[in-house]
>>> print(open('structure26.tsv').read())   # TSV, C-alpha atoms (C1' of nucleotides)
chain	number	residue	atom	x	y	z
P	1	MET	CA	-44.11	98.43	17.96
P	2	ASN	CA	-44.31	96.64	14.66
P	3	ASP	CA	-44.20	92.89	14.82
P	4	HIS	CA	-42.51	92.25	11.53
P	5	VAL	CA	-40.17	95.11	10.76
P	6	HIS	CA	-36.94	94.97	12.67
P	7	ALA	CA	-34.85	98.08	12.38
P	8	THR	CA	-31.34	98.09	13.70
P	9	ALA	CA	-32.49	99.98	16.75
P	10	GLU	CA	-34.68	97.11	17.87
P	11	LEU	CA	-31.88	94.63	17.93
P	12	THR	CA	-29.99	93.69	21.04
P	13	LYS	CA	-26.33	94.54	21.32
P	14	ASN	CA	-25.11	91.16	20.17
P	15	GLN	CA	-27.59	91.01	17.34
P	16	SER	CA	-26.49	94.45	16.16
P	17	LEU	CA	-22.85	93.49	16.22
P	18	VAL	CA	-23.45	90.33	14.21
P	19	MET	CA	-25.71	92.19	11.80
P	20	GLY	CA	-23.04	94.82	11.37
P	21	ALA	CA	-20.39	92.27	10.56
P	22	LEU	CA	-22.60	90.71	7.90
P	23	ALA	CA	-23.66	94.06	6.48
P	24	ARG	CA	-20.05	95.18	6.16
P	25	SER	CA	-19.05	92.00	4.36
P	26	ASP	CA	-19.24	91.63	0.60
P	27	GLY	CA	-20.04	87.96	0.79
P	28	PRO	CA	-21.22	85.28	3.16
P	29	LEU	CA	-19.52	84.76	6.49
P	30	SER	CA	-19.27	81.66	8.62
P	31	ALA	CA	-20.30	81.86	12.24
P	32	TYR	CA	-16.72	81.39	13.34
P	33	THR	CA	-15.45	84.13	11.06
P	34	ILE	CA	-18.00	86.44	12.63
P	35	LEU	CA	-16.85	85.30	16.05
P	36	ASP	CA	-13.26	86.20	15.21
P	37	GLN	CA	-14.27	89.60	13.90
P	38	LEU	CA	-16.14	90.37	17.09
P	39	ARG	CA	-13.57	89.26	19.64
P	40	ASP	CA	-12.65	92.87	20.26
P	41	ASN	CA	-16.27	93.53	21.07
P	42	GLY	CA	-16.26	90.96	23.82
P	43	PHE	CA	-17.38	87.90	21.91
P	44	ARG	CA	-15.78	84.76	23.26
P	45	ALA	CA	-17.97	81.77	22.36
P	46	PRO	CA	-19.72	80.43	19.26
P	47	LEU	CA	-23.03	80.43	21.02
P	48	GLN	CA	-23.07	84.20	21.22
P	49	VAL	CA	-22.89	84.28	17.44
P	50	TYR	CA	-25.35	81.45	16.83
P	51	ARG	CA	-27.95	82.90	19.15
P	52	ALA	CA	-27.80	86.24	17.39
P	53	LEU	CA	-27.89	84.55	13.98
P	54	ASP	CA	-30.94	82.53	14.93
P	55	LYS	CA	-32.82	85.69	15.75
P	56	LEU	CA	-31.62	87.60	12.70
P	57	VAL	CA	-32.70	84.75	10.46
P	58	GLU	CA	-36.03	84.64	12.25
P	59	PHE	CA	-36.44	88.39	11.60
P	60	GLY	CA	-35.62	87.89	7.93
P	61	LEU	CA	-32.57	90.13	8.10
P	62	VAL	CA	-30.14	87.31	7.43
P	63	HIS	CA	-30.20	84.19	5.32
P	64	ARG	CA	-28.42	80.96	5.89
P	65	LEU	CA	-26.69	79.36	2.91
P	66	GLU	CA	-26.98	75.66	3.52
P	67	SER	CA	-24.48	74.60	0.91
P	68	LEU	CA	-21.81	76.87	2.39
P	69	ASN	CA	-22.60	76.66	6.08
P	70	ALA	CA	-22.50	80.43	6.06
P	71	PHE	CA	-24.71	83.47	6.45
P	72	VAL	CA	-25.44	86.59	4.42
P	73	ALA	CA	-27.22	89.83	5.17
P	74	CYS	CA	-30.45	90.04	3.22
P	75	ARG	CA	-29.97	92.25	0.19
P	76	HIS	CA	-33.41	91.70	-1.11
P	77	PRO	CA	-34.82	94.89	-2.62
P	78	GLY	CA	-37.30	96.09	-0.06
P	79	CYS	CA	-36.42	93.13	2.11
P	80	ASP	CA	-39.87	91.58	1.80
P	81	GLY	CA	-41.34	88.29	0.69
P	82	HIS	CA	-38.79	86.07	2.33
P	83	GLU	CA	-40.71	82.99	1.38
P	84	THR	CA	-38.99	81.62	-1.67
P	85	ILE	CA	-35.57	82.99	-2.40
P	86	ALA	CA	-32.98	81.58	-4.75
P	87	PHE	CA	-29.30	82.22	-4.32
P	88	MET	CA	-26.76	82.26	-7.10
P	89	ILE	CA	-23.37	81.57	-5.63
P	90	CYS	CA	-20.25	82.17	-7.68
P	91	GLU	CA	-17.71	79.47	-6.95
P	92	ARG	CA	-14.88	81.67	-8.12
P	93	CYS	CA	-15.44	85.02	-6.41
P	94	ARG	CA	-17.86	83.87	-3.73
P	95	VAL	CA	-20.34	86.61	-4.57
P	96	VAL	CA	-23.90	85.70	-3.71
P	97	ASN	CA	-26.88	87.04	-5.59
P	98	GLU	CA	-30.31	86.85	-4.13
P	99	LEU	CA	-33.37	86.68	-6.32
P	100	THR	CA	-37.03	85.91	-6.19
P	101	ASP	CA	-39.16	84.74	-9.04
P	102	GLY	CA	-42.88	84.30	-8.98
P	103	ALA	CA	-42.99	81.53	-11.57
P	104	LEU	CA	-40.40	79.58	-9.66
P	105	ALA	CA	-42.20	79.99	-6.36
P	106	ASN	CA	-45.51	79.03	-7.95
P	107	ARG	CA	-44.07	75.92	-9.51
P	108	LEU	CA	-42.60	74.78	-6.23
P	109	ALA	CA	-45.82	75.51	-4.39
P	110	HIS	CA	-47.70	73.55	-7.02
P	111	LEU	CA	-45.39	70.56	-6.71
P	112	ALA	CA	-45.80	70.59	-2.96
P	113	VAL	CA	-49.58	70.71	-3.19
P	114	ASP	CA	-49.58	67.84	-5.66
P	115	ALA	CA	-47.61	65.75	-3.23
P	116	GLY	CA	-49.79	66.71	-0.28
P	117	PHE	CA	-46.71	68.22	1.28
P	118	ALA	CA	-47.11	71.09	3.77
P	119	LEU	CA	-44.27	73.32	2.69
P	120	LYS	CA	-42.52	75.26	5.42
P	121	LYS	CA	-39.27	76.42	3.93
P	122	THR	CA	-37.53	76.19	0.61
P	123	THR	CA	-33.82	76.17	-0.04
P	124	ILE	CA	-32.66	76.99	-3.55
P	125	GLU	CA	-28.97	77.45	-4.14
P	126	LEU	CA	-27.42	77.64	-7.57
P	127	ARG	CA	-23.70	77.08	-7.87
P	128	GLY	CA	-21.74	78.26	-10.85
P	129	ILE	CA	-19.64	81.08	-12.25
P	130	CYS	CA	-20.98	84.61	-12.33
P	131	ARG	CA	-20.94	86.84	-15.38
P	132	VAL	CA	-17.96	88.85	-14.18
P	133	CYS	CA	-15.78	85.83	-13.47
P	134	GLN	CA	-16.63	84.26	-16.83
P	135	ALA	CA	-15.41	87.39	-18.61
P	136	ALA	CA	-12.12	87.28	-16.76
N	1	MET	CA	-17.23	49.38	-20.10
N	2	ASN	CA	-19.86	52.08	-19.92
N	3	ASP	CA	-18.73	55.43	-18.66
N	4	HIS	CA	-21.95	56.49	-17.05
N	5	VAL	CA	-23.75	53.46	-15.74
N	6	HIS	CA	-22.37	52.16	-12.49
N	7	ALA	CA	-23.78	48.88	-11.41
N	8	THR	CA	-23.05	47.59	-7.97
N	9	ALA	CA	-20.54	45.20	-9.45
N	10	GLU	CA	-18.35	48.03	-10.65
N	11	LEU	CA	-17.98	49.55	-7.23
N	12	THR	CA	-15.04	48.96	-4.97
N	13	LYS	CA	-15.52	47.16	-1.71
N	14	ASN	CA	-15.82	50.30	0.38
N	15	GLN	CA	-18.11	51.94	-2.11
N	16	SER	CA	-20.36	48.87	-2.10
N	17	LEU	CA	-20.52	48.82	1.66
N	18	VAL	CA	-21.46	52.48	1.88
N	19	MET	CA	-23.94	52.11	-0.94
N	20	GLY	CA	-25.45	49.14	0.83
N	21	ALA	CA	-25.88	51.06	4.05
N	22	LEU	CA	-27.66	53.86	2.23
N	23	ALA	CA	-29.80	51.49	0.19
N	24	ARG	CA	-30.93	49.65	3.32
N	25	SER	CA	-31.87	52.85	5.08
N	26	ASP	CA	-35.32	54.39	4.80
N	27	GLY	CA	-33.99	57.90	5.08
N	28	PRO	CA	-30.83	59.94	4.84
N	29	LEU	CA	-27.76	58.96	6.82
N	30	SER	CA	-24.91	61.09	8.06
N	31	ALA	CA	-21.38	60.07	7.21
N	32	TYR	CA	-20.71	59.23	10.84
N	33	THR	CA	-23.81	57.09	11.13
N	34	ILE	CA	-22.62	55.14	8.12
N	35	LEU	CA	-19.22	54.83	9.72
N	36	ASP	CA	-20.75	53.36	12.86
N	37	GLN	CA	-22.82	50.90	10.85
N	38	LEU	CA	-19.75	49.68	9.02
N	39	ARG	CA	-17.37	49.27	11.94
N	40	ASP	CA	-17.92	45.53	11.85
N	41	ASN	CA	-16.84	45.59	8.22
N	42	GLY	CA	-13.53	47.11	9.13
N	43	PHE	CA	-14.33	50.78	8.81
N	44	ARG	CA	-12.38	52.82	11.32
N	45	ALA	CA	-12.10	56.40	10.04
N	46	PRO	CA	-14.42	59.03	8.57
N	47	LEU	CA	-12.27	59.31	5.49
N	48	GLN	CA	-13.15	55.82	4.40
N	49	VAL	CA	-16.78	56.89	4.31
N	50	TYR	CA	-16.21	60.29	2.73
N	51	ARG	CA	-14.06	58.89	-0.05
N	52	ALA	CA	-16.70	56.35	-0.94
N	53	LEU	CA	-19.43	58.96	-0.75
N	54	ASP	CA	-17.54	61.31	-3.04
N	55	LYS	CA	-17.39	58.64	-5.70
N	56	LEU	CA	-20.98	57.54	-5.26
N	57	VAL	CA	-22.16	61.12	-5.60
N	58	GLU	CA	-19.97	61.51	-8.66
N	59	PHE	CA	-21.58	58.39	-10.15
N	60	GLY	CA	-25.02	59.76	-9.42
N	61	LEU	CA	-25.92	56.89	-7.13
N	62	VAL	CA	-26.11	59.03	-4.05
N	63	HIS	CA	-27.25	62.57	-3.33
N	64	ARG	CA	-26.06	64.90	-0.66
N	65	LEU	CA	-28.69	66.82	1.27
N	66	GLU	CA	-27.07	70.14	2.08
N	67	SER	CA	-29.61	71.22	4.63
N	68	LEU	CA	-29.17	68.01	6.61
N	69	ASN	CA	-25.49	67.31	6.14
N	70	ALA	CA	-26.54	63.84	5.16
N	71	PHE	CA	-26.73	61.48	2.20
N	72	VAL	CA	-29.42	59.43	0.49
N	73	ALA	CA	-29.36	56.68	-2.09
N	74	CYS	CA	-30.82	57.90	-5.36
N	75	ARG	CA	-34.38	56.67	-5.69
N	76	HIS	CA	-34.99	58.44	-8.91
N	77	PRO	CA	-37.13	56.32	-11.24
N	78	GLY	CA	-34.71	55.07	-13.84
N	79	CYS	CA	-31.94	56.91	-12.06
N	80	ASP	CA	-31.32	59.29	-14.92
N	81	GLY	CA	-31.23	63.03	-15.46
N	82	HIS	CA	-29.47	63.94	-12.29
N	83	GLU	CA	-29.23	67.55	-13.27
N	84	THR	CA	-31.99	69.29	-11.40
N	85	ILE	CA	-33.53	67.38	-8.56
N	86	ALA	CA	-35.74	68.69	-5.83
N	87	PHE	CA	-36.00	67.01	-2.46
N	88	MET	CA	-39.00	67.11	-0.18
N	89	ILE	CA	-37.88	66.44	3.35
N	90	CYS	CA	-40.42	65.69	6.03
N	91	GLU	CA	-39.35	67.28	9.27
N	92	ARG	CA	-41.45	64.88	11.27
N	93	CYS	CA	-40.63	61.44	9.88
N	94	ARG	CA	-37.45	62.35	8.04
N	95	VAL	CA	-38.63	60.72	4.84
N	96	VAL	CA	-37.10	62.23	1.73
N	97	ASN	CA	-38.85	62.33	-1.61
N	98	GLU	CA	-36.94	62.97	-4.75
N	99	LEU	CA	-38.55	64.57	-7.74
N	100	THR	CA	-37.72	66.18	-11.03
N	101	ASP	CA	-39.82	68.67	-12.88
N	102	GLY	CA	-39.15	70.02	-16.32
N	103	ALA	CA	-40.87	73.33	-15.76
N	104	LEU	CA	-38.87	73.89	-12.60
N	105	ALA	CA	-35.59	73.04	-14.26
N	106	ASN	CA	-36.39	75.25	-17.22
N	107	ARG	CA	-37.28	78.19	-15.04
N	108	LEU	CA	-34.03	77.90	-13.12
N	109	ALA	CA	-32.03	77.56	-16.30
N	110	HIS	CA	-33.77	80.61	-17.68
N	111	LEU	CA	-33.01	82.66	-14.58
N	112	ALA	CA	-29.37	81.67	-14.78
N	113	VAL	CA	-29.10	82.62	-18.43
N	114	ASP	CA	-30.74	85.97	-17.73
N	115	ALA	CA	-28.12	86.67	-15.10
N	116	GLY	CA	-25.26	85.50	-17.29
N	117	PHE	CA	-24.61	82.84	-14.70
N	118	ALA	CA	-22.90	79.59	-15.76
N	119	LEU	CA	-24.91	77.10	-13.77
N	120	LYS	CA	-23.05	74.05	-12.51
N	121	LYS	CA	-25.21	72.58	-9.83
N	122	THR	CA	-28.57	73.28	-8.27
N	123	THR	CA	-29.68	72.51	-4.77
N	124	ILE	CA	-33.41	72.47	-4.11
N	125	GLU	CA	-34.60	71.25	-0.75
N	126	LEU	CA	-38.13	71.67	0.50
N	127	ARG	CA	-38.78	71.31	4.18
N	128	GLY	CA	-42.21	70.58	5.55
N	129	ILE	CA	-44.58	67.86	6.65
N	130	CYS	CA	-45.40	64.98	4.36
N	131	ARG	CA	-48.92	63.82	3.60
N	132	VAL	CA	-48.72	60.83	5.92
N	133	CYS	CA	-47.54	62.84	8.91
N	134	GLN	CA	-50.21	65.48	8.36
N	135	ALA	CA	-52.89	62.82	8.55
N	136	ALA	CA	-51.52	61.52	11.83
V	1	DC	C1'	10.66	47.45	-16.12
V	2	DG	C1'	9.42	52.30	-14.69
V	3	DC	C1'	5.95	55.20	-13.84
V	4	DA	C1'	1.28	57.22	-13.12
V	5	DT	C1'	-3.16	56.46	-11.28
V	6	DT	C1'	-6.28	54.98	-8.03
V	7	DG	C1'	-7.93	53.07	-3.83
V	8	DC	C1'	-6.98	52.17	0.84
V	9	DG	C1'	-5.61	52.83	6.14
V	10	DT	C1'	-4.27	55.78	9.98
V	11	DA	C1'	-3.56	59.79	12.69
V	12	DA	C1'	-4.24	64.28	13.59
V	13	DC	C1'	-6.63	68.22	13.05
V	14	DG	C1'	-9.91	72.04	11.91
V	15	DG	C1'	-14.62	73.75	11.20
V	16	DT	C1'	-19.56	73.65	12.51
V	17	DA	C1'	-23.12	73.49	15.97
V	18	DT	C1'	-25.38	72.44	20.38
V	19	DA	C1'	-26.13	70.97	25.44
V	20	DA	C1'	-26.25	72.23	29.99
V	21	DC	C1'	-25.24	75.16	33.25
V	22	DG	C1'	-25.99	79.70	35.65
V	23	DT	C1'	-26.63	85.06	35.76
V	24	DG	C1'	-29.06	89.34	35.22
V	25	DT	C1'	-32.84	92.30	33.76
V	26	DG	C1'	-37.48	93.94	32.67
V	27	DC	C1'	-42.18	93.60	33.39
V	28	DG	C1'	-46.87	92.18	34.26
V	29	DA	C1'	-49.98	89.95	37.75
V	30	DT	C1'	-51.15	89.22	42.34
O	1	DA	C1'	-43.31	95.31	46.33
O	2	DT	C1'	-42.21	91.09	45.10
O	3	DC	C1'	-43.03	87.05	42.90
O	4	DG	C1'	-42.79	84.67	38.73
O	5	DC	C1'	-41.90	84.52	34.07
O	6	DA	C1'	-39.64	85.40	29.62
O	7	DC	C1'	-35.69	86.63	27.53
O	8	DA	C1'	-30.97	87.85	26.49
O	9	DC	C1'	-26.50	86.81	27.92
O	10	DG	C1'	-21.85	84.37	29.43
O	11	DT	C1'	-19.07	80.12	30.03
O	12	DT	C1'	-17.61	75.45	29.66
O	13	DA	C1'	-17.74	71.41	27.62
O	14	DT	C1'	-18.93	68.38	24.10
O	15	DA	C1'	-20.85	66.47	19.90
O	16	DC	C1'	-20.93	66.37	15.11
O	17	DC	C1'	-19.06	67.19	10.33
O	18	DG	C1'	-15.23	67.20	7.16
O	19	DT	C1'	-10.25	67.57	5.61
O	20	DT	C1'	-5.05	67.47	5.51
O	21	DA	C1'	-1.14	64.85	5.41
O	22	DC	C1'	1.25	60.82	5.29
O	23	DG	C1'	2.38	56.22	3.58
O	24	DC	C1'	1.37	51.82	1.38
O	25	DA	C1'	-0.66	48.41	-2.07
O	26	DA	C1'	-2.69	47.20	-6.42
O	27	DT	C1'	-3.44	48.22	-11.13
O	28	DG	C1'	-2.70	49.67	-15.85
O	29	DC	C1'	0.21	50.87	-19.42
O	30	DG	C1'	4.11	52.87	-22.37
>>> encode(input="structure26.tsv", output="structure tokens")
Amino acid sequence: MNDHVHATAELTKNQSLVMGALARSDGPLSAYTILDQLRDNGFRAPLQVYRALDKLVEFGLVHRLESLNAFVACRHPGCDGHETIAFMICERCRVVNELTDGALANRLAHLAVDAGFALKKTTIELRGICRVCQAA
Amino acid sequence: MNDHVHATAELTKNQSLVMGALARSDGPLSAYTILDQLRDNGFRAPLQVYRALDKLVEFGLVHRLESLNAFVACRHPGCDGHETIAFMICERCRVVNELTDGALANRLAHLAVDAGFALKKTTIELRGICRVCQAA
DNA sequence: CGCATTGCGTAACGGTATAACGTGTGCGAT
DNA sequence: ATCGCACACGTTATACCGTTACGCAATGCG
């Protein structure tokens, strides 16, 4: 079994349910919103959600948005290179766009090296108004 | 009176107290930690802290670290150009370094323009181990 | 004066996340 | 086979983070 690719089939029941909720959703969901959506599936406590989320994030299937305290299913094309991802979050319609950019990642890596900083994880979240909402 | 420069003297009593707590601290403080530190000064409720923090952030004297749910006094040299700041957060010693980089800011601005995204605020937080802690 | 604005104090609450238990199941090593 | 271990799971309780709603006091200004 592959160590790094996690198909739906490899997930536990709870992980699948949480993944499904996020995949169905247009935008980010909070852990408690997920909990509410899964009550009919037997979910009763936050920890059931958080434990599943921890694993899904670890697998790279889900991202945590720090500035929203919420989670999104990874929509990254090909779902690879989860190192340096930037999120553009529309404050009007809540849509989240996920993007990677080599120049950006390189610049950050360079800054870290310069500072002698052993980089483990980067959080980049851009807040603003998306193209669609500006037109409206 | 200047619209953009906020010396300590211009702050209200509560704002000064909160600012003082952050300035004294080596690292980031949570709102509730600040509250506890200021109980002897008459602070009794979270709101007193949050209201002061809101203003201090607005003035650019304090930054919020989204990934920590905590706040730091601005240590930016000259304390100007609060547009695009990156934070390097050591997960071992909790020290936070604040830095700005033109190339980084430009790249982000460029990405936003490309996407037709009206950028309002950027959050960049790098987690890792600082030089000092690596040596130890 | 009348009125708007701003800061402040208090209480209550809602949202986010984890600690500390204990249970069950699969599976490799002895 | 059975012991021990790792792992997912369930439950309760609790800690931590942030806001809503209310009322009052001081200030500035037409």
>>> atom_distance(input="structure26.tsv", atom1="atom CA of N:Cys133", atom2="atom CA of N:Ser30")
22.7 Å
>>> closest_atom_pairs(input="structure26.tsv", of="stretch 37-69 of chain P", to="stretch 63-68 of chain N", cutoff="10 Å", atoms="all atoms listed in the file", output="Markdown table")
| residue | atom | partner | partner_atom | distance |
| --- | --- | --- | --- | --- |
| P:Arg64 | CA | N:Ser67 | CA | 9.9 |
| P:Leu65 | CA | N:Ser67 | CA | 8.8 |
| P:Glu66 | CA | N:Ser67 | CA | 5.3 |
| P:Ser67 | CA | N:Glu66 | CA | 5.3 |
| P:Leu68 | CA | N:Glu66 | CA | 8.5 |
| P:Asn69 | CA | N:Glu66 | CA | 8.9 |
>>> write_last_selection(input="structure26.tsv", atoms="C-alpha atoms", output="compact mmCIF listing (two decimals), in the coordinates of the input")
# COMPACT_ATOMS: atom_id res chain seq x y z
CA ARG P 64 -28.42 80.96 5.89
CA LEU P 65 -26.69 79.36 2.91
CA GLU P 66 -26.98 75.66 3.52
CA SER P 67 -24.48 74.60 0.91
CA LEU P 68 -21.81 76.87 2.39
CA ASN P 69 -22.60 76.66 6.08
>>> interface_residues(input="structure26.tsv", of="chain O", to="chain P", cutoff="9 Å", atoms="all atoms listed in the file", output="MDAnalysis selection string")
chainID O and resid 8:11
>>> closest_atom_pairs(input="structure26.tsv", of="chain P", to="chain N", cutoff="10 Å", atoms="all atoms listed in the file", output="JSON lines")
{"residue": "P:Arg64", "atom": "CA", "partner": "N:Ser67", "partner_atom": "CA", "distance": 9.9}
{"residue": "P:Leu65", "atom": "CA", "partner": "N:Ser67", "partner_atom": "CA", "distance": 8.8}
{"residue": "P:Glu66", "atom": "CA", "partner": "N:Ser67", "partner_atom": "CA", "distance": 5.3}
{"residue": "P:Ser67", "atom": "CA", "partner": "N:Glu66", "partner_atom": "CA", "distance": 5.3}
{"residue": "P:Leu68", "atom": "CA", "partner": "N:Glu66", "partner_atom": "CA", "distance": 8.5}
{"residue": "P:Asn69", "atom": "CA", "partner": "N:Glu66", "partner_atom": "CA", "distance": 8.9}
{"residue": "P:Ala86", "atom": "CA", "partner": "N:Ile124", "partner_atom": "CA", "distance": 9.1}
{"residue": "P:Phe87", "atom": "CA", "partner": "N:Thr123", "partner_atom": "CA", "distance": 9.7}
{"residue": "P:Met88", "atom": "CA", "partner": "N:Phe117", "partner_atom": "CA", "distance": 7.9}
{"residue": "P:Ile89", "atom": "CA", "partner": "N:Phe117", "partner_atom": "CA", "distance": 9.2}
{"residue": "P:Cys90", "atom": "CA", "partner": "N:Phe117", "partner_atom": "CA", "distance": 8.3}
{"residue": "P:Glu91", "atom": "CA", "partner": "N:Lys120", "partner_atom": "CA", "distance": 9.4}
{"residue": "P:Asn97", "atom": "CA", "partner": "N:Ala115", "partner_atom": "CA", "distance": 9.6}
{"residue": "P:Leu99", "atom": "CA", "partner": "N:Leu111", "partner_atom": "CA", "distance": 9.2}
{"residue": "P:Thr100", "atom": "CA", "partner": "N:Leu111", "partner_atom": "CA", "distance": 9.9}
{"residue": "P:Asp101", "atom": "CA", "partner": "N:Leu111", "partner_atom": "CA", "distance": 8.5}
{"residue": "P:Ala103", "atom": "CA", "partner": "N:Arg107", "partner_atom": "CA", "distance": 7.5}
{"residue": "P:Leu104", "atom": "CA", "partner": "N:Arg107", "partner_atom": "CA", "distance": 6.4}
{"residue": "P:Ala105", "atom": "CA", "partner": "N:Leu104", "partner_atom": "CA", "distance": 9.3}
{"residue": "P:Asn106", "atom": "CA", "partner": "N:Leu104", "partner_atom": "CA", "distance": 9.6}
{"residue": "P:Arg107", "atom": "CA", "partner": "N:Leu104", "partner_atom": "CA", "distance": 6.4}
{"residue": "P:Leu108", "atom": "CA", "partner": "N:Leu104", "partner_atom": "CA", "distance": 7.4}
{"residue": "P:Ala109", "atom": "CA", "partner": "N:Leu126", "partner_atom": "CA", "distance": 9.9}
{"residue": "P:Leu111", "atom": "CA", "partner": "N:Asp101", "partner_atom": "CA", "distance": 8.5}
{"residue": "P:Ala112", "atom": "CA", "partner": "N:Met88", "partner_atom": "CA", "distance": 8.1}
{"residue": "P:Val113", "atom": "CA", "partner": "N:Arg131", "partner_atom": "CA", "distance": 9.7}
{"residue": "P:Ala115", "atom": "CA", "partner": "N:Arg131", "partner_atom": "CA", "distance": 7.2}
{"residue": "P:Gly116", "atom": "CA", "partner": "N:Arg131", "partner_atom": "CA", "distance": 4.9}
{"residue": "P:Phe117", "atom": "CA", "partner": "N:Cys130", "partner_atom": "CA", "distance": 4.7}
{"residue": "P:Ala118", "atom": "CA", "partner": "N:Ile129", "partner_atom": "CA", "distance": 5.0}
{"residue": "P:Leu119", "atom": "CA", "partner": "N:Gly128", "partner_atom": "CA", "distance": 4.5}
{"residue": "P:Lys120", "atom": "CA", "partner": "N:Gly128", "partner_atom": "CA", "distance": 4.7}
{"residue": "P:Lys121", "atom": "CA", "partner": "N:Arg127", "partner_atom": "CA", "distance": 5.1}
{"residue": "P:Thr122", "atom": "CA", "partner": "N:Leu126", "partner_atom": "CA", "distance": 4.6}
{"residue": "P:Thr123", "atom": "CA", "partner": "N:Glu125", "partner_atom": "CA", "distance": 5.0}
{"residue": "P:Ile124", "atom": "CA", "partner": "N:Ile124", "partner_atom": "CA", "distance": 4.6}
{"residue": "P:Glu125", "atom": "CA", "partner": "N:Thr123", "partner_atom": "CA", "distance": 5.0}
{"residue": "P:Leu126", "atom": "CA", "partner": "N:Thr122", "partner_atom": "CA", "distance": 4.6}
{"residue": "P:Arg127", "atom": "CA", "partner": "N:Lys121", "partner_atom": "CA", "distance": 5.1}
{"residue": "P:Gly128", "atom": "CA", "partner": "N:Leu119", "partner_atom": "CA", "distance": 4.5}
{"residue": "P:Ile129", "atom": "CA", "partner": "N:Ala118", "partner_atom": "CA", "distance": 5.0}
{"residue": "P:Cys130", "atom": "CA", "partner": "N:Phe117", "partner_atom": "CA", "distance": 4.7}
{"residue": "P:Arg131", "atom": "CA", "partner": "N:Gly116", "partner_atom": "CA", "distance": 4.9}
{"residue": "P:Val132", "atom": "CA", "partner": "N:Gly116", "partner_atom": "CA", "distance": 8.6}
{"residue": "P:Cys133", "atom": "CA", "partner": "N:Phe117", "partner_atom": "CA", "distance": 9.4}
{"residue": "P:Gln134", "atom": "CA", "partner": "N:Ala118", "partner_atom": "CA", "distance": 7.9}
>>> write_last_selection(input="structure26.tsv", atoms="C-alpha atoms", output="PDB file, in the frame of the given file")
ATOM      1  CA  ARG P  64     -28.420  80.960   5.890  1.00  0.00           C
ATOM      2  CA  LEU P  65     -26.690  79.360   2.910  1.00  0.00           C
ATOM      3  CA  GLU P  66     -26.980  75.660   3.520  1.00  0.00           C
ATOM      4  CA  SER P  67     -24.480  74.600   0.910  1.00  0.00           C
ATOM      5  CA  LEU P  68     -21.810  76.870   2.390  1.00  0.00           C
ATOM      6  CA  ASN P  69     -22.600  76.660   6.080  1.00  0.00           C
ATOM      7  CA  ALA P  86     -32.980  81.580  -4.750  1.00  0.00           C
ATOM      8  CA  PHE P  87     -29.300  82.220  -4.320  1.00  0.00           C
ATOM      9  CA  MET P  88     -26.760  82.260  -7.100  1.00  0.00           C
ATOM     10  CA  ILE P  89     -23.370  81.570  -5.630  1.00  0.00           C
ATOM     11  CA  CYS P  90     -20.250  82.170  -7.680  1.00  0.00           C
ATOM     12  CA  GLU P  91     -17.710  79.470  -6.950  1.00  0.00           C
ATOM     13  CA  ASN P  97     -26.880  87.040  -5.590  1.00  0.00           C
ATOM     14  CA  LEU P  99     -33.370  86.680  -6.320  1.00  0.00           C
ATOM     15  CA  THR P 100     -37.030  85.910  -6.190  1.00  0.00           C
ATOM     16  CA  ASP P 101     -39.160  84.740  -9.040  1.00  0.00           C
ATOM     17  CA  ALA P 103     -42.990  81.530 -11.570  1.00  0.00           C
ATOM     18  CA  LEU P 104     -40.400  79.580  -9.660  1.00  0.00           C
ATOM     19  CA  ALA P 105     -42.200  79.990  -6.360  1.00  0.00           C
ATOM     20  CA  ASN P 106     -45.510  79.030  -7.950  1.00  0.00           C
ATOM     21  CA  ARG P 107     -44.070  75.920  -9.510  1.00  0.00           C
ATOM     22  CA  LEU P 108     -42.600  74.780  -6.230  1.00  0.00           C
ATOM     23  CA  ALA P 109     -45.820  75.510  -4.390  1.00  0.00           C
ATOM     24  CA  LEU P 111     -45.390  70.560  -6.710  1.00  0.00           C
ATOM     25  CA  ALA P 112     -45.800  70.590  -2.960  1.00  0.00           C
ATOM     26  CA  VAL P 113     -49.580  70.710  -3.190  1.00  0.00           C
ATOM     27  CA  ALA P 115     -47.610  65.750  -3.230  1.00  0.00           C
ATOM     28  CA  GLY P 116     -49.790  66.710  -0.280  1.00  0.00           C
ATOM     29  CA  PHE P 117     -46.710  68.220   1.280  1.00  0.00           C
ATOM     30  CA  ALA P 118     -47.110  71.090   3.770  1.00  0.00           C
ATOM     31  CA  LEU P 119     -44.270  73.320   2.690  1.00  0.00           C
ATOM     32  CA  LYS P 120     -42.520  75.260   5.420  1.00  0.00           C
ATOM     33  CA  LYS P 121     -39.270  76.420   3.930  1.00  0.00           C
ATOM     34  CA  THR P 122     -37.530  76.190   0.610  1.00  0.00           C
ATOM     35  CA  THR P 123     -33.820  76.170  -0.040  1.00  0.00           C
ATOM     36  CA  ILE P 124     -32.660  76.990  -3.550  1.00  0.00           C
ATOM     37  CA  GLU P 125     -28.970  77.450  -4.140  1.00  0.00           C
ATOM     38  CA  LEU P 126     -27.420  77.640  -7.570  1.00  0.00           C
ATOM     39  CA  ARG P 127     -23.700  77.080  -7.870  1.00  0.00           C
ATOM     40  CA  GLY P 128     -21.740  78.260 -10.850  1.00  0.00           C
ATOM     41  CA  ILE P 129     -19.640  81.080 -12.250  1.00  0.00           C
ATOM     42  CA  CYS P 130     -20.980  84.610 -12.330  1.00  0.00           C
ATOM     43  CA  ARG P 131     -20.940  86.840 -15.380  1.00  0.00           C
ATOM     44  CA  VAL P 132     -17.960  88.850 -14.180  1.00  0.00           C
ATOM     45  CA  CYS P 133     -15.780  85.830 -13.470  1.00  0.00           C
ATOM     46  CA  GLN P 134     -16.630  84.260 -16.830  1.00  0.00           C
TER      47      GLN P 134
END
>>> interface_residues(input="structure26.tsv", of="chain V", to="chain P", cutoff="10 Å", atoms="only C-alpha atoms (C1' of nucleotides)", output="ChimeraX atom specification")
/V:15-18
